[in-house]
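Structure record follows, encoded as structure tokens.
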Amino acid sequence: MEARSPWSRYGDVAAVRLAPPAGPVRAELAVPGSKSVTNRALVLAGLAEGTSELSGILRSDDAWWGLEALRTLGLEVEISGENVRISGSGGRWPVAEAEVYVGAAGTLGRFLPPALAASPEGRFRVRASRRMSQRPIAPLVEALRALGGRVEYAAEEGRFPLLVYGAGLEGGEVSIPGNVSSQFTSGVLLAAPYARRPVTVRVAGGMVQPAYVQITLAMMRAFGAEVEAEDDLSRMRVNPGRYRGQRMSLEADASSAAYFFALAAASGGEVTVSNIGNSTLQPDLGFVRVLERMGARVELAPGRTTVRGPEKLRGGFEVSLKAMSDQTPTLAALAVLADAPVTITGVAHVRHHESDRIAAMASELQKLGVRVEEHPDGLTVWPAAPSPARLDSHDDHRIAMSLALLALDAPGLEISNPGTVSKTFPDYWDYLERLGFSVERV
């Protein structure tokens with residue numbers, strides 16, 4: 001079990017036992033801030049000249065480690081509820097030698113080392129959680145070295161911990177593989193304005209989730225960076241410059257909203273999320289289109305989304321979730337409740353996330369008597385009438401939250417290590433209670 005932040009709500013609970021509400025799920029609610037936007041904003045504010053005031057941050061493990069890292073590096077950080085005030089470094093970290101911990105945060109683990117390497121001085125040891133230390137980091141290290149950065153492995157080659165020396169980035173052109181994680185590209189881009197010469201990033205082999213790089217570019221521009229990008233993001237150029245502190249309201253998390261849309265669809269109910277809509281760049285809002293294929297009705301507005309569920313979820317289709325791969329476990333769970341099998345493709349990279357999400361979902365669904373077939377890049381799930389059992393969250397927030405959906409048809413379902421949801425959504429179980437679920441700590 002990974003370390004939890006002080007914002008964790010269920011860190012000392014072995015499991016939760018769930019029972020569904022008496023009828024369809026009907027609610028209007030607001031979801032917490034976006035993990036992706038929050039962690040980008042923290043790094044940008046840390047690099048910027050002047051003070052940034054960020055409202056609507058996600059109070060989660062990932063954000064906590066990011067804020068603690070900035071404090072460890074010598075920055076003044078003030079937290080008040082979902083608001084944060086950060087006095088930026090201007091690209092030169094006040095502390096010249098430090099050990100920073102990025103936890104299990106893939107975004108922070110890929111964003112912070114470039115920001116440290118771009119500093120003109122310093123020696124920094126970057127340490128990660130056990131699972132994050134198993135995830136790939138070599139493409140980022142190789143890209144930083146190609147740009148003149150000095151980064152070494154402190155233990156195993158290709159893994160955390162890293163030793164990052166603040167020697168600055170020279171700049172130039174670098175090629176980054178895009179088929180493992182878009183976070184490598186975003187990490188290099190975020191630090192690129194602090195290089196001595198313009199930085200040109202070329203993405204090799206296509207990009208797994210280009211929408212997240214679009215979010216990175218939009219936020220860089222909001223902080224004052226000069227960025228040019230091809231429409232397909234195969235080539236991006238960043239001019240030298242400095243970020244300027246900003247006052248910014250961060251948008252809500254589309255990935256978190258998807259669980260409530262799924263509950264509406266599976267229960268034949270209606271859920272409106274009042275703070276996320278079709279103006280977002282977050283790709284996971286596209287999950288509502290998958291729910292439409294399953295029979296749901298969807299209404300999208302600039303800051304509001306409503307999903308109404310059918311009498312019975314429809315299956316019998318194949319879909320690539322490459323652009324919104326965090327929803328792989330969500331759809332795998334919903335497929336159990338559908339009227340025909342569902343095949344998910346295009347998500348081979350999720351085998352390298354907080355868990356091997358394809359194998360983890362297959363393993364847990366099979367405990368419920370569900371027929372599941374794994375593929376290299378996805379899985380096929382057949383409908384079933386699940387019986388309650390204790391399921392393993394695999395210390396993965398998305399596995400835990402997705403498996404909880406099955407309590408709709410399996411009263412008494414138990415999820416182990418429920419505190420893992422604090423990585424991105426510490427209040428998830430409380431939200432379920434507000435929707436009428438029974439959530440018993442066991």
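Following the order of the structure tokens, chains are lettered A, B, ..., residues in each are numbered from 1, and ligands are numbered from 1.
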
Self-check item: Spatial neighbours of Ile79 in chain A, 12 Å, only C-alpha atoms, chain gap at least 4 places, as an MDAnalysis selection string
Solution: chainID A and resid 53:59 63:64 67:68 71 83:86

Writer output for current selection, N, CA and C atoms, as a PDB file, in the first residue's frame:
ATOM      1  N   GLU A  53      -2.105  32.651  -7.880  1.00  0.00           N
ATOM      2  CA  GLU A  53      -3.234  32.293  -7.018  1.00  0.00           C
ATOM      3  C   GLU A  53      -4.134  31.348  -7.812  1.00  0.00           C
ATOM      4  N   LEU A  54      -4.213  30.110  -7.341  1.00  0.00           N
ATOM      5  CA  LEU A  54      -4.963  29.067  -8.033  1.00  0.00           C
ATOM      6  C   LEU A  54      -6.181  28.696  -7.206  1.00  0.00           C
ATOM      7  N   SER A  55      -7.350  28.739  -7.807  1.00  0.00           N
ATOM      8  CA  SER A  55      -8.571  28.339  -7.104  1.00  0.00           C
ATOM      9  C   SER A  55      -9.144  27.086  -7.751  1.00  0.00           C
ATOM     10  N   GLY A  56      -9.792  26.259  -6.937  1.00  0.00           N
ATOM     11  CA  GLY A  56     -10.401  25.033  -7.439  1.00  0.00           C
ATOM     12  C   GLY A  56      -9.419  23.894  -7.629  1.00  0.00           C
ATOM     13  N   ILE A  57      -8.304  23.896  -6.871  1.00  0.00           N
ATOM     14  CA  ILE A  57      -7.359  22.793  -7.008  1.00  0.00           C
ATOM     15  C   ILE A  57      -7.997  21.501  -6.511  1.00  0.00           C
ATOM     16  N   LEU A  58      -7.495  20.383  -6.987  1.00  0.00           N
ATOM     17  CA  LEU A  58      -7.929  19.079  -6.501  1.00  0.00           C
ATOM     18  C   LEU A  58      -7.154  18.750  -5.227  1.00  0.00           C
ATOM     19  N   ARG A  59      -7.870  18.589  -4.123  1.00  0.00           N
ATOM     20  CA  ARG A  59      -7.250  18.213  -2.849  1.00  0.00           C
ATOM     21  C   ARG A  59      -7.112  16.688  -2.821  1.00  0.00           C
ATOM     22  N   ALA A  63      -1.866  16.029  -5.729  1.00  0.00           N
ATOM     23  CA  ALA A  63      -1.653  17.464  -5.543  1.00  0.00           C
ATOM     24  C   ALA A  63      -0.852  17.741  -4.284  1.00  0.00           C
ATOM     25  N   TRP A  64      -1.085  16.962  -3.234  1.00  0.00           N
ATOM     26  CA  TRP A  64      -0.347  17.163  -1.981  1.00  0.00           C
ATOM     27  C   TRP A  64       1.144  16.984  -2.193  1.00  0.00           C
ATOM     28  N   LEU A  67       2.518  20.012  -3.988  1.00  0.00           N
ATOM     29  CA  LEU A  67       2.668  21.177  -3.112  1.00  0.00           C
ATOM     30  C   LEU A  67       3.822  21.000  -2.140  1.00  0.00           C
ATOM     31  N   GLU A  68       3.969  19.783  -1.599  1.00  0.00           N
ATOM     32  CA  GLU A  68       5.078  19.509  -0.686  1.00  0.00           C
ATOM     33  C   GLU A  68       6.420  19.604  -1.400  1.00  0.00           C
ATOM     34  N   ARG A  71       7.329  23.222  -1.638  1.00  0.00           N
ATOM     35  CA  ARG A  71       7.801  23.702  -0.343  1.00  0.00           C
ATOM     36  C   ARG A  71       9.220  23.210  -0.058  1.00  0.00           C
ATOM     37  N   ASN A  83      -8.007  26.631  -2.482  1.00  0.00           N
ATOM     38  CA  ASN A  83      -7.239  27.745  -3.041  1.00  0.00           C
ATOM     39  C   ASN A  83      -5.780  27.650  -2.594  1.00  0.00           C
ATOM     40  N   VAL A  84      -4.879  27.978  -3.497  1.00  0.00           N
ATOM     41  CA  VAL A  84      -3.443  27.906  -3.214  1.00  0.00           C
ATOM     42  C   VAL A  84      -2.769  29.171  -3.715  1.00  0.00           C
ATOM     43  N   ARG A  85      -1.853  29.682  -2.923  1.00  0.00           N
ATOM     44  CA  ARG A  85      -1.037  30.842  -3.318  1.00  0.00           C
ATOM     45  C   ARG A  85       0.413  30.389  -3.327  1.00  0.00           C
ATOM     46  N   ILE A  86       1.100  30.553  -4.458  1.00  0.00           N
ATOM     47  CA  ILE A  86       2.463  30.065  -4.637  1.00  0.00           C
ATOM     48  C   ILE A  86       3.354  31.206  -5.091  1.00  0.00           C
TER      49      ILE A  86
END

Quiz prompt | DSSP-assigned helix (DSSP H, G or I) members of range 285-367 of chain A, reported as a ChimeraX atom specification | solution = /A:285-293,322-336,348-352,357-367

Quiz prompt | Residues within 7 Å of Ala225 in chain A, only C-alpha atoms, excluding chain neighbours under 6 positions, as number ranges by chain | solution = A: 193, 241-243

Those residues you just picked out, can you put them in a file as a PDB file, in the first residue's frame with C-alpha atoms?
ATOM      1  CA  PRO A 193      10.883  28.149 -21.990  1.00  0.00           C
ATOM      2  CA  GLY A 241      11.179  33.129 -21.953  1.00  0.00           C
ATOM      3  CA  ARG A 242       9.754  33.189 -18.449  1.00  0.00           C
ATOM      4  CA  TYR A 243       6.368  32.261 -17.078  1.00  0.00           C
TER       5      TYR A 243
END

Could you give me, as a Markdown table, a per-residue list for range 200-285 of chain A showing, wherever an atom lies at most 9 Å from an atom of range 163-184 of chain A, the closest pair of atoms and their distance in Å to one decimal, using only C-alpha atoms and sorting by chain then residue number from low to high?
| residue | atom | partner | partner_atom | distance |
| --- | --- | --- | --- | --- |
| A:Thr200 | CA | A:Glu173 | CA | 4.5 |
| A:Val201 | CA | A:Val174 | CA | 5.2 |
| A:Arg202 | CA | A:Ser175 | CA | 4.6 |
| A:Val203 | CA | A:Ile176 | CA | 5.0 |
| A:Ala204 | CA | A:Pro177 | CA | 4.7 |
| A:Gly205 | CA | A:Gly178 | CA | 5.9 |
| A:Gly206 | CA | A:Gly178 | CA | 5.4 |
| A:Met207 | CA | A:Gly178 | CA | 4.1 |
| A:Val208 | CA | A:Asn179 | CA | 5.1 |
| A:Gln209 | CA | A:Ser182 | CA | 5.9 |
| A:Pro210 | CA | A:Ser182 | CA | 6.8 |
| A:Ala211 | CA | A:Ser182 | CA | 9.0 |
| A:Tyr212 | CA | A:Ser182 | CA | 7.0 |
| A:Val213 | CA | A:Ser182 | CA | 6.6 |
| A:Arg237 | CA | A:Glu173 | CA | 8.8 |
| A:Pro240 | CA | A:Gly171 | CA | 8.9 |

Could you save the residues just selected, with C-alpha atoms, as a PDB file, in the first residue's frame?
ATOM      1  CA  THR A 200      11.703  21.865 -30.850  1.00  0.00           C
ATOM      2  CA  VAL A 201       9.901  18.705 -29.780  1.00  0.00           C
ATOM      3  CA  ARG A 202       9.095  16.041 -32.338  1.00  0.00           C
ATOM      4  CA  VAL A 203       6.788  13.180 -31.339  1.00  0.00           C
ATOM      5  CA  ALA A 204       7.761   9.800 -32.790  1.00  0.00           C
ATOM      6  CA  GLY A 205       5.363   6.957 -33.424  1.00  0.00           C
ATOM      7  CA  GLY A 206       2.136   8.865 -32.829  1.00  0.00           C
ATOM      8  CA  MET A 207       0.824  10.148 -29.504  1.00  0.00           C
ATOM      9  CA  VAL A 208      -1.265   8.109 -27.082  1.00  0.00           C
ATOM     10  CA  GLN A 209      -3.392  10.974 -25.735  1.00  0.00           C
ATOM     11  CA  PRO A 210      -2.795  14.217 -27.639  1.00  0.00           C
ATOM     12  CA  ALA A 211      -5.585  16.057 -25.799  1.00  0.00           C
ATOM     13  CA  TYR A 212      -3.451  16.189 -22.656  1.00  0.00           C
ATOM     14  CA  VAL A 213      -0.623  17.841 -24.588  1.00  0.00           C
ATOM     15  CA  ARG A 237       8.498  24.766 -30.876  1.00  0.00           C
ATOM     16  CA  PRO A 240      12.968  31.008 -24.500  1.00  0.00           C
TER      17      PRO A 240
END

Practice problem: Could you check which of A:Met294, A:Val319, A:Leu263, A:Ala301 is closest to Met401 in chain A, using only C-alpha atoms? | Solution: A:Leu263
